[in-house]
Amino acid sequence: MQKPTLPKGTRDFGPEQMRKRLFIFDTIRQTFRRFGFQPIETPSLENLSTLTGKYGEEGDQLLFKILNSGDFAAGVTELDLASGSKKLTPKIAEKGLRYDLTVPFARYVVMNRNSLTLPFKRYQMQPVWRADRPQKGRYREFYQCDADVVGTDSLLCEAEIVLMIHEVFRNLTIQDFTLKINNRKILAGIAEVIGAPGQEGTLSVAIDKLDKIGKEKVLNELQERGFSDETIASLEPLFLFGVSEPTEPNQILDQLKNWLSASDTARQGIAELEETLQLVNQYGLSDSTVEIDPTLARGLSYYTGAIFEVKANGVSIGSVSGGGRYDNLTGAFGMPGLSGVGISFGVDRIYDVMEELNLFPADAGQGTQVLIIPFDTEARSVALPVLRQLRTAAIAAEMYPDLSKVKKMLDYANAKNIPFVVLIGSAEVQTGVLSLKNMLTGEQLKVTTDELIQRLG
RNA sequence: GUGAUUGUAGCUCAGUUGGUUAGAGCGCCGGAUUGUGGUUCCGGAGGUCGCGGGUUCGAGCCCCGUCUUUCACCCCA
């Protein structure tokens, strides 16, 4: 006999946790539906070749690979073993667990291109796996809720993502959040203007850390990565953004226009941002909390346009949501020129945030509403039709299965947080009138079955 | 992947420089109360001290390995 354990970074969810998790899932699903997205699901397993090379080198290392079935070592030669894991892996593992929902979606779109009506809007709420070292808010198995639109480059889609983010967090009662938005074209433009064209990737990784490690260390890192003193010096205007008070989006846009006027790419990115925000305003969103952050980068290498990130304020948990536009993700699967944009909500981190801020409503997805307590077998025969009528009236009802002490059955109701109890003994059997007990107040009254249903319904 | 950190009852934690039979609170089960709970009182069950090896007359405590937890880096939901 050995004690069972869970693999690193995975968790069980009991009824109490599932009640809260389903509240999050339901809230997000509701919003996705309202915005016209349709659900799909894809397999947990993908061919490894579908996944590799889409997330950058770092991402590839975090993929869970699945050993081939049967004798996976059959075709492996001494030479293969000597050539290292990089060469060996594709020979012994042809499948892997999905790392996110966006790449499998791109694969789905390409495979179904002839039957899809474009633009195609889908949502997907499924677990993903990453072979990361677990930490606070970081797990090896976690759920993402993605909504993506492909087949249009309309900025209305970006605007709708901003709107959905607001709706989801408002409905979850996470009021205090920061939605940051930026555009990869602006980052590319910055690289151009400072005289390091095409290097926005390395540039981004460094400046993304600005609010975490500060200006000095960012500059040091850029130096180490081979940026010249001259280019670093011309980066100076960047540090004027967001350092003081959070400035108005329009002010930031003006500043960017001045600084980056020499770059066509940057001008385009700025114009896209501007239009997106304008559409959001026209929609009539009150209390919009969009913040333009020119230092927001995000690591995922496939983004080409707008990028989004949402953090909950007042808690030390990383981003709870992120996304962006990708112009050529389907190109890797032989279908170039299809633009898409999407957003991903991290259920597990949202859960952690809500738990820490105590935001779950007490009655979210309540369980059984009434427990029937029969004192003997005769009482059961009276109870069963009552059970049926309660359930027909859509009231969650159950009967205690054993004939035990009343104390024990009431304890059961308390343990399960069941607010009402119906007691049925010889008196109730004779009169047909039931005893309804409120478990919170302790008060008890005689009711007919109809009255019972009316009170609980 | 790099560097730290954690593990004792279902839960939260004590456990002396290595020394007999490892404790507490809460929870759980039973009773006081054979048709009425969340209060009280009484009683009871429950531990291969994460796992494997080593040092020692003797290890929960020391050493090595391993798994797990938490954290920083990296990256990200």
# chains A, B, ... in the order shown; residues from 1 in each chain; ligands from 1
$ closest_atom_pairs --of "chain B" --to "chain A" --cutoff "10 Å" --atoms "only C-alpha atoms (C1' of nucleotides)" --output "Markdown table"
| residue | atom | partner | partner_atom | distance |
| --- | --- | --- | --- | --- |
| B:G1 | C1' | A:Gln61 | CA | 8.7 |
| B:U33 | C1' | A:Lys407 | CA | 9.8 |
| B:U34 | C1' | A:Lys405 | CA | 9.1 |
| B:G35 | C1' | A:Gly425 | CA | 7.0 |
| B:U36 | C1' | A:Val406 | CA | 6.4 |
| B:G37 | C1' | A:Leu410 | CA | 5.1 |
| B:G38 | C1' | A:Asn414 | CA | 7.5 |
| B:U48 | C1' | A:Gln2 | CA | 9.6 |
| B:G50 | C1' | A:Lys3 | CA | 9.1 |
| B:C51 | C1' | A:Gln2 | CA | 9.4 |
| B:C67 | C1' | A:Lys8 | CA | 9.1 |
| B:U68 | C1' | A:Lys8 | CA | 7.1 |
| B:U69 | C1' | A:Lys8 | CA | 9.3 |
| B:U70 | C1' | A:Gln135 | CA | 7.1 |
| B:C71 | C1' | A:Gln135 | CA | 7.2 |
| B:C74 | C1' | A:Glu58 | CA | 8.6 |
| B:C75 | C1' | A:Glu58 | CA | 7.0 |
| B:C76 | C1' | A:Gly299 | CA | 8.0 |
| B:A77 | C1' | A:Gly346 | CA | 4.2 |
$ residues_around --residues "Lys446 of chain A" --least-positions-apart "6" --cutoff "7 Å" --atoms "only C-alpha atoms (C1' of nucleotides)" --output "list of chain:residue names"
A:Val433, A:Leu434, A:Ser435, A:Leu436
$ select_by_dssp --residues "segment 131-199 of chain A" --states "strand (DSSP E or B)" --output "JSON list (two decimals) with N, CA and C atoms, in the first residue's frame"
[["chain", "number", "residue", "atom", "x", "y", "z"],
["A", 135, "GLN", "N", 4.11, 27.86, -9.18],
["A", 135, "GLN", "CA", 4.24, 28.94, -8.20],
["A", 135, "GLN", "C", 2.84, 29.44, -7.90],
["A", 138, "ARG", "N", 0.35, 29.83, -10.71],
["A", 138, "ARG", "CA", 0.90, 29.14, -11.88],
["A", 138, "ARG", "C", 0.78, 27.65, -11.67],
["A", 141, "GLU", "N", -1.55, 22.33, -15.00],
["A", 141, "GLU", "CA", -2.81, 22.11, -15.72],
["A", 141, "GLU", "C", -3.74, 23.23, -15.31],
["A", 142, "PHE", "N", -4.24, 23.99, -16.27],
["A", 142, "PHE", "CA", -5.17, 25.07, -15.94],
["A", 142, "PHE", "C", -6.10, 25.32, -17.11],
["A", 143, "TYR", "N", -7.21, 25.99, -16.81],
["A", 143, "TYR", "CA", -8.23, 26.21, -17.82],
["A", 143, "TYR", "C", -8.09, 27.59, -18.44],
["A", 144, "GLN", "N", -8.25, 27.63, -19.74],
["A", 144, "GLN", "CA", -8.34, 28.90, -20.43],
["A", 144, "GLN", "C", -9.71, 29.01, -21.08],
["A", 145, "CYS", "N", -10.23, 30.23, -21.13],
["A", 145, "CYS", "CA", -11.47, 30.49, -21.84],
["A", 145, "CYS", "C", -11.14, 31.49, -22.92],
["A", 146, "ASP", "N", -11.12, 31.02, -24.16],
["A", 146, "ASP", "CA", -10.69, 31.84, -25.27],
["A", 146, "ASP", "C", -11.85, 32.22, -26.17],
["A", 147, "ALA", "N", -11.83, 33.46, -26.65],
["A", 147, "ALA", "CA", -12.74, 33.86, -27.72],
["A", 147, "ALA", "C", -11.88, 34.49, -28.81],
["A", 148, "ASP", "N", -12.05, 34.00, -30.04],
["A", 148, "ASP", "CA", -11.25, 34.50, -31.15],
["A", 148, "ASP", "C", -12.15, 34.76, -32.36],
["A", 149, "VAL", "N", -11.76, 35.73, -33.17],
["A", 149, "VAL", "CA", -12.40, 35.96, -34.47],
["A", 149, "VAL", "C", -11.31, 35.83, -35.52],
["A", 150, "VAL", "N", -11.55, 35.01, -36.55],
["A", 150, "VAL", "CA", -10.60, 34.96, -37.66],
["A", 150, "VAL", "C", -11.33, 35.30, -38.96],
["A", 177, "PHE", "N", -9.65, 46.46, -11.79],
["A", 177, "PHE", "CA", -8.68, 45.79, -12.66],
["A", 177, "PHE", "C", -8.07, 46.80, -13.62],
["A", 178, "THR", "N", -6.92, 46.45, -14.17],
["A", 178, "THR", "CA", -6.26, 47.31, -15.14],
["A", 178, "THR", "C", -6.18, 46.59, -16.46],
["A", 179, "LEU", "N", -6.77, 47.18, -17.48],
["A", 179, "LEU", "CA", -6.69, 46.62, -18.83],
["A", 179, "LEU", "C", -5.65, 47.44, -19.61],
["A", 180, "LYS", "N", -4.55, 46.77, -19.94],
["A", 180, "LYS", "CA", -3.52, 47.46, -20.70],
["A", 180, "LYS", "C", -3.60, 47.03, -22.16],
["A", 181, "ILE", "N", -3.36, 47.99, -23.03],
["A", 181, "ILE", "CA", -3.42, 47.70, -24.45],
["A", 181, "ILE", "C", -2.22, 48.34, -25.13],
["A", 182, "ASN", "N", -1.69, 47.65, -26.12],
["A", 182, "ASN", "CA", -0.57, 48.18, -26.89],
["A", 182, "ASN", "C", -0.65, 47.57, -28.28],
["A", 183, "ASN", "N", 0.30, 47.87, -29.11],
["A", 183, "ASN", "CA", 0.29, 47.34, -30.47],
["A", 183, "ASN", "C", 1.72, 46.97, -30.87]]
$ atom_distance --atom1 "atom CA of Glu451 of chain A" --atom2 "atom CA of Asn417 of chain A"
22.4 Å
$ atom_distance --atom1 "atom CA of Ile270 of chain A" --atom2 "atom CA of Lys257 of chain A"
7.2 Å
$ residues_around --residues "segment 14-31 of chain B" --least-positions-apart "5" --cutoff "10 Å" --atoms "only C-alpha atoms (C1' of nucleotides)" --output "count of residues only"
14
$ select_by_dssp --residues "segment 150-252 of chain A" --states "alpha helix (DSSP H)" --output "mmCIF file with N, CA and C atoms, in the first residue's frame"
data_model
loop_
_atom_site.group_PDB
_atom_site.id
_atom_site.type_symbol
_atom_site.label_atom_id
_atom_site.label_comp_id
_atom_site.auth_asym_id
_atom_site.auth_seq_id
_atom_site.Cartn_x
_atom_site.Cartn_y
_atom_site.Cartn_z
ATOM 1 N N LEU A 155 -11.075 46.443 -36.895
ATOM 2 C CA LEU A 155 -10.722 46.823 -35.521
ATOM 3 C C LEU A 155 -11.920 46.767 -34.592
ATOM 4 N N LEU A 156 -13.092 46.552 -35.185
ATOM 5 C CA LEU A 156 -14.266 46.342 -34.350
ATOM 6 C C LEU A 156 -14.046 45.133 -33.432
ATOM 7 N N CYS A 157 -13.309 44.151 -33.928
ATOM 8 C CA CYS A 157 -13.042 42.951 -33.131
ATOM 9 C C CYS A 157 -12.190 43.297 -31.920
ATOM 10 N N GLU A 158 -11.193 44.141 -32.112
ATOM 11 C CA GLU A 158 -10.377 44.589 -30.979
ATOM 12 C C GLU A 158 -11.255 45.306 -29.962
ATOM 13 N N ALA A 159 -12.132 46.175 -30.495
ATOM 14 C CA ALA A 159 -13.015 46.929 -29.602
ATOM 15 C C ALA A 159 -13.917 45.977 -28.822
ATOM 16 N N GLU A 160 -14.423 44.951 -29.495
ATOM 17 C CA GLU A 160 -15.318 44.017 -28.813
ATOM 18 C C GLU A 160 -14.590 43.237 -27.729
ATOM 19 N N ILE A 161 -13.310 42.993 -27.950
ATOM 20 C CA ILE A 161 -12.533 42.316 -26.907
ATOM 21 C C ILE A 161 -12.439 43.199 -25.669
ATOM 22 N N VAL A 162 -12.192 44.468 -25.883
ATOM 23 C CA VAL A 162 -12.162 45.415 -24.764
ATOM 24 C C VAL A 162 -13.501 45.391 -24.031
ATOM 25 N N LEU A 163 -14.581 45.359 -24.797
ATOM 26 C CA LEU A 163 -15.915 45.361 -24.200
ATOM 27 C C LEU A 163 -16.179 44.067 -23.427
ATOM 28 N N MET A 164 -15.766 42.943 -24.004
ATOM 29 C CA MET A 164 -15.999 41.663 -23.328
ATOM 30 C C MET A 164 -15.219 41.592 -22.019
ATOM 31 N N ILE A 165 -14.014 42.105 -22.040
ATOM 32 C CA ILE A 165 -13.209 42.105 -20.810
ATOM 33 C C ILE A 165 -13.942 42.878 -19.715
ATOM 34 N N HIS A 166 -14.478 44.021 -20.083
ATOM 35 C CA HIS A 166 -15.206 44.811 -19.093
ATOM 36 C C HIS A 166 -16.435 44.060 -18.583
ATOM 37 N N GLU A 167 -17.163 43.450 -19.509
ATOM 38 C CA GLU A 167 -18.381 42.757 -19.096
ATOM 39 C C GLU A 167 -18.071 41.578 -18.179
ATOM 40 N N VAL A 168 -17.052 40.795 -18.544
ATOM 41 C CA VAL A 168 -16.716 39.622 -17.736
ATOM 42 C C VAL A 168 -16.312 40.037 -16.317
ATOM 43 N N PHE A 169 -15.403 40.983 -16.204
ATOM 44 C CA PHE A 169 -14.917 41.316 -14.866
ATOM 45 C C PHE A 169 -15.971 42.063 -14.051
ATOM 46 N N ARG A 170 -16.819 42.803 -14.753
ATOM 47 C CA ARG A 170 -17.892 43.468 -14.033
ATOM 48 C C ARG A 170 -18.863 42.425 -13.483
ATOM 49 N N ASN A 171 -19.191 41.418 -14.299
ATOM 50 C CA ASN A 171 -20.124 40.395 -13.835
ATOM 51 C C ASN A 171 -19.529 39.510 -12.750
ATOM 52 N N ARG A 184 1.851 45.760 -31.374
ATOM 53 C CA ARG A 184 3.186 45.290 -31.756
ATOM 54 C C ARG A 184 3.824 46.193 -32.808
ATOM 55 N N LYS A 185 2.964 46.835 -33.602
ATOM 56 C CA LYS A 185 3.499 47.725 -34.642
ATOM 57 C C LYS A 185 4.173 48.939 -34.008
ATOM 58 N N ILE A 186 3.655 49.348 -32.872
ATOM 59 C CA ILE A 186 4.308 50.453 -32.165
ATOM 60 C C ILE A 186 5.677 50.000 -31.666
ATOM 61 N N LEU A 187 5.728 48.772 -31.141
ATOM 62 C CA LEU A 187 7.010 48.252 -30.671
ATOM 63 C C LEU A 187 7.999 48.143 -31.824
ATOM 64 N N ALA A 188 7.502 47.672 -32.970
ATOM 65 C CA ALA A 188 8.378 47.576 -34.144
ATOM 66 C C ALA A 188 8.847 48.966 -34.557
ATOM 67 N N GLY A 189 7.925 49.940 -34.475
ATOM 68 C CA GLY A 189 8.263 51.306 -34.823
ATOM 69 C C GLY A 189 9.324 51.884 -33.904
ATOM 70 N N ILE A 190 9.214 51.571 -32.635
ATOM 71 C CA ILE A 190 10.222 52.035 -31.684
ATOM 72 C C ILE A 190 11.591 51.493 -32.081
ATOM 73 N N ALA A 191 11.621 50.203 -32.401
ATOM 74 C CA ALA A 191 12.889 49.594 -32.809
ATOM 75 C C ALA A 191 13.457 50.307 -34.034
ATOM 76 N N GLU A 192 12.584 50.630 -34.974
ATOM 77 C CA GLU A 192 13.028 51.353 -36.173
ATOM 78 C C GLU A 192 13.623 52.711 -35.807
ATOM 79 N N VAL A 193 12.863 53.457 -35.042
ATOM 80 C CA VAL A 193 13.229 54.833 -34.742
ATOM 81 C C VAL A 193 14.538 54.929 -33.961
ATOM 82 N N GLU A 200 12.639 44.249 -32.471
ATOM 83 C CA GLU A 200 11.620 44.551 -31.473
ATOM 84 C C GLU A 200 11.378 43.375 -30.525
ATOM 85 N N GLY A 201 11.692 42.166 -30.991
ATOM 86 C CA GLY A 201 11.512 40.995 -30.130
ATOM 87 C C GLY A 201 12.338 41.104 -28.863
ATOM 88 N N THR A 202 13.652 41.200 -29.019
ATOM 89 C CA THR A 202 14.525 41.307 -27.849
ATOM 90 C C THR A 202 14.254 42.593 -27.082
ATOM 91 N N LEU A 203 13.959 43.637 -27.835
ATOM 92 C CA LEU A 203 13.640 44.918 -27.199
ATOM 93 C C LEU A 203 12.417 44.765 -26.287
ATOM 94 N N SER A 204 11.403 44.103 -26.812
ATOM 95 C CA SER A 204 10.155 43.934 -26.064
ATOM 96 C C SER A 204 10.376 43.190 -24.759
ATOM 97 N N VAL A 205 11.104 42.078 -24.848
ATOM 98 C CA VAL A 205 11.322 41.257 -23.658
ATOM 99 C C VAL A 205 11.905 42.105 -22.531
ATOM 100 N N ALA A 206 12.809 43.004 -22.905
ATOM 101 C CA ALA A 206 13.466 43.831 -21.889
ATOM 102 C C ALA A 206 12.532 44.899 -21.341
ATOM 103 N N ILE A 207 11.886 45.651 -22.220
ATOM 104 C CA ILE A 207 11.089 46.770 -21.710
ATOM 105 C C ILE A 207 9.784 46.301 -21.070
ATOM 106 N N LEU A 210 9.797 46.644 -17.360
ATOM 107 C CA LEU A 210 10.048 47.981 -16.816
ATOM 108 C C LEU A 210 9.415 48.197 -15.445
ATOM 109 N N ASP A 211 8.118 47.899 -15.337
ATOM 110 C CA ASP A 211 7.456 48.187 -14.063
ATOM 111 C C ASP A 211 7.894 47.213 -12.973
ATOM 112 N N LYS A 212 8.588 46.156 -13.364
ATOM 113 C CA LYS A 212 8.994 45.168 -12.376
ATOM 114 C C LYS A 212 10.410 45.431 -11.848
ATOM 115 N N ILE A 213 11.353 45.699 -12.764
ATOM 116 C CA ILE A 213 12.747 45.824 -12.330
ATOM 117 C C ILE A 213 13.273 47.251 -12.445
ATOM 118 N N LYS A 215 13.977 51.125 -14.643
ATOM 119 C CA LYS A 215 14.647 51.610 -15.848
ATOM 120 C C LYS A 215 16.109 51.167 -15.945
ATOM 121 N N GLU A 216 16.833 51.317 -14.828
ATOM 122 C CA GLU A 216 18.269 51.024 -14.850
ATOM 123 C C GLU A 216 18.548 49.602 -15.327
ATOM 124 N N LYS A 217 17.817 48.656 -14.717
ATOM 125 C CA LYS A 217 18.088 47.257 -15.043
ATOM 126 C C LYS A 217 17.663 46.922 -16.467
ATOM 127 N N VAL A 218 16.610 47.586 -16.931
ATOM 128 C CA VAL A 218 16.192 47.365 -18.315
ATOM 129 C C VAL A 218 17.302 47.815 -19.256
ATOM 130 N N LEU A 219 17.870 48.984 -18.975
ATOM 131 C CA LEU A 219 18.946 49.493 -19.817
ATOM 132 C C LEU A 219 20.158 48.565 -19.769
ATOM 133 N N ASN A 220 20.463 48.073 -18.581
ATOM 134 C CA ASN A 220 21.575 47.121 -18.453
ATOM 135 C C ASN A 220 21.353 45.895 -19.321
ATOM 136 N N GLU A 221 20.097 45.394 -19.251
ATOM 137 C CA GLU A 221 19.809 44.183 -20.013
ATOM 138 C C GLU A 221 19.955 44.440 -21.516
ATOM 139 N N LEU A 222 19.505 45.601 -21.963
ATOM 140 C CA LEU A 222 19.617 45.928 -23.382
ATOM 141 C C LEU A 222 21.091 45.998 -23.798
ATOM 142 N N GLN A 223 21.892 46.552 -22.911
ATOM 143 C CA GLN A 223 23.332 46.635 -23.182
ATOM 144 C C GLN A 223 23.917 45.232 -23.341
ATOM 145 N N GLU A 224 23.545 44.366 -22.398
ATOM 146 C CA GLU A 224 24.047 42.991 -22.445
ATOM 147 C C GLU A 224 23.604 42.282 -23.721
ATOM 148 N N ASP A 229 25.038 52.069 -27.276
ATOM 149 C CA ASP A 229 24.718 53.168 -26.363
ATOM 150 C C ASP A 229 23.818 54.189 -27.037
ATOM 151 N N GLU A 230 24.059 54.356 -28.329
ATOM 152 C CA GLU A 230 23.288 55.351 -29.078
ATOM 153 C C GLU A 230 21.804 54.971 -29.135
ATOM 154 N N THR A 231 21.533 53.723 -29.501
ATOM 155 C CA THR A 231 20.142 53.288 -29.581
ATOM 156 C C THR A 231 19.480 53.352 -28.211
ATOM 157 N N ILE A 232 20.214 52.961 -27.189
ATOM 158 C CA ILE A 232 19.646 52.985 -25.845
ATOM 159 C C ILE A 232 19.303 54.411 -25.438
ATOM 160 N N ALA A 233 20.176 55.355 -25.817
ATOM 161 C CA ALA A 233 19.936 56.753 -25.468
ATOM 162 C C ALA A 233 18.662 57.274 -26.138
ATOM 163 N N PRO A 249 -5.480 58.518 -22.469
ATOM 164 C CA PRO A 249 -5.108 57.798 -23.683
ATOM 165 C C PRO A 249 -4.762 58.739 -24.836
ATOM 166 N N ASN A 250 -5.542 59.807 -24.980
ATOM 167 C CA ASN A 250 -5.281 60.704 -26.105
ATOM 168 C C ASN A 250 -3.927 61.395 -25.982
ATOM 169 N N GLN A 251 -3.555 61.740 -24.760
ATOM 170 C CA GLN A 251 -2.248 62.355 -24.550
ATOM 171 C C GLN A 251 -1.134 61.397 -24.940
ATOM 172 N N ILE A 252 -1.280 60.147 -24.497
ATOM 173 C CA ILE A 252 -0.256 59.153 -24.816
ATOM 174 C C ILE A 252 -0.163 58.970 -26.326
#
$ atom_distance --atom1 "atom CA of Leu296 of chain A" --atom2 "atom CA of Leu240 of chain A"
14.3 Å
$ decode --residues "segment 154-168 of chain A" --atoms "N, CA and C atoms" --output "PDB file, in the first residue's frame"
ATOM      1  N   SER A 154     -10.897  43.751 -39.148  1.00  0.00           N
ATOM      2  CA  SER A 154     -11.635  44.902 -38.638  1.00  0.00           C
ATOM      3  C   SER A 154     -11.270  45.181 -37.186  1.00  0.00           C
ATOM      4  N   LEU A 155     -11.075  46.443 -36.895  1.00  0.00           N
ATOM      5  CA  LEU A 155     -10.722  46.823 -35.521  1.00  0.00           C
ATOM      6  C   LEU A 155     -11.920  46.767 -34.592  1.00  0.00           C
ATOM      7  N   LEU A 156     -13.092  46.552 -35.185  1.00  0.00           N
ATOM      8  CA  LEU A 156     -14.266  46.342 -34.350  1.00  0.00           C
ATOM      9  C   LEU A 156     -14.046  45.133 -33.432  1.00  0.00           C
ATOM     10  N   CYS A 157     -13.309  44.151 -33.928  1.00  0.00           N
ATOM     11  CA  CYS A 157     -13.042  42.951 -33.131  1.00  0.00           C
ATOM     12  C   CYS A 157     -12.190  43.297 -31.920  1.00  0.00           C
ATOM     13  N   GLU A 158     -11.193  44.141 -32.112  1.00  0.00           N
ATOM     14  CA  GLU A 158     -10.377  44.589 -30.979  1.00  0.00           C
ATOM     15  C   GLU A 158     -11.255  45.306 -29.962  1.00  0.00           C
ATOM     16  N   ALA A 159     -12.132  46.175 -30.495  1.00  0.00           N
ATOM     17  CA  ALA A 159     -13.015  46.929 -29.602  1.00  0.00           C
ATOM     18  C   ALA A 159     -13.917  45.977 -28.822  1.00  0.00           C
ATOM     19  N   GLU A 160     -14.423  44.951 -29.495  1.00  0.00           N
ATOM     20  CA  GLU A 160     -15.318  44.017 -28.813  1.00  0.00           C
ATOM     21  C   GLU A 160     -14.590  43.237 -27.729  1.00  0.00           C
ATOM     22  N   ILE A 161     -13.310  42.993 -27.950  1.00  0.00           N
ATOM     23  CA  ILE A 161     -12.533  42.316 -26.907  1.00  0.00           C
ATOM     24  C   ILE A 161     -12.439  43.199 -25.669  1.00  0.00           C
ATOM     25  N   VAL A 162     -12.192  44.468 -25.883  1.00  0.00           N
ATOM     26  CA  VAL A 162     -12.162  45.415 -24.764  1.00  0.00           C
ATOM     27  C   VAL A 162     -13.501  45.391 -24.031  1.00  0.00           C
ATOM     28  N   LEU A 163     -14.581  45.359 -24.797  1.00  0.00           N
ATOM     29  CA  LEU A 163     -15.915  45.361 -24.200  1.00  0.00           C
ATOM     30  C   LEU A 163     -16.179  44.067 -23.427  1.00  0.00           C
ATOM     31  N   MET A 164     -15.766  42.943 -24.004  1.00  0.00           N
ATOM     32  CA  MET A 164     -15.999  41.663 -23.328  1.00  0.00           C
ATOM     33  C   MET A 164     -15.219  41.592 -22.019  1.00  0.00           C
ATOM     34  N   ILE A 165     -14.014  42.105 -22.040  1.00  0.00           N
ATOM     35  CA  ILE A 165     -13.209  42.105 -20.810  1.00  0.00           C
ATOM     36  C   ILE A 165     -13.942  42.878 -19.715  1.00  0.00           C
ATOM     37  N   HIS A 166     -14.478  44.021 -20.083  1.00  0.00           N
ATOM     38  CA  HIS A 166     -15.206  44.811 -19.093  1.00  0.00           C
ATOM     39  C   HIS A 166     -16.435  44.060 -18.583  1.00  0.00           C
ATOM     40  N   GLU A 167     -17.163  43.450 -19.509  1.00  0.00           N
ATOM     41  CA  GLU A 167     -18.381  42.757 -19.096  1.00  0.00           C
ATOM     42  C   GLU A 167     -18.071  41.578 -18.179  1.00  0.00           C
ATOM     43  N   VAL A 168     -17.052  40.795 -18.544  1.00  0.00           N
ATOM     44  CA  VAL A 168     -16.716  39.622 -17.736  1.00  0.00           C
ATOM     45  C   VAL A 168     -16.312  40.037 -16.317  1.00  0.00           C
TER      46      VAL A 168
END
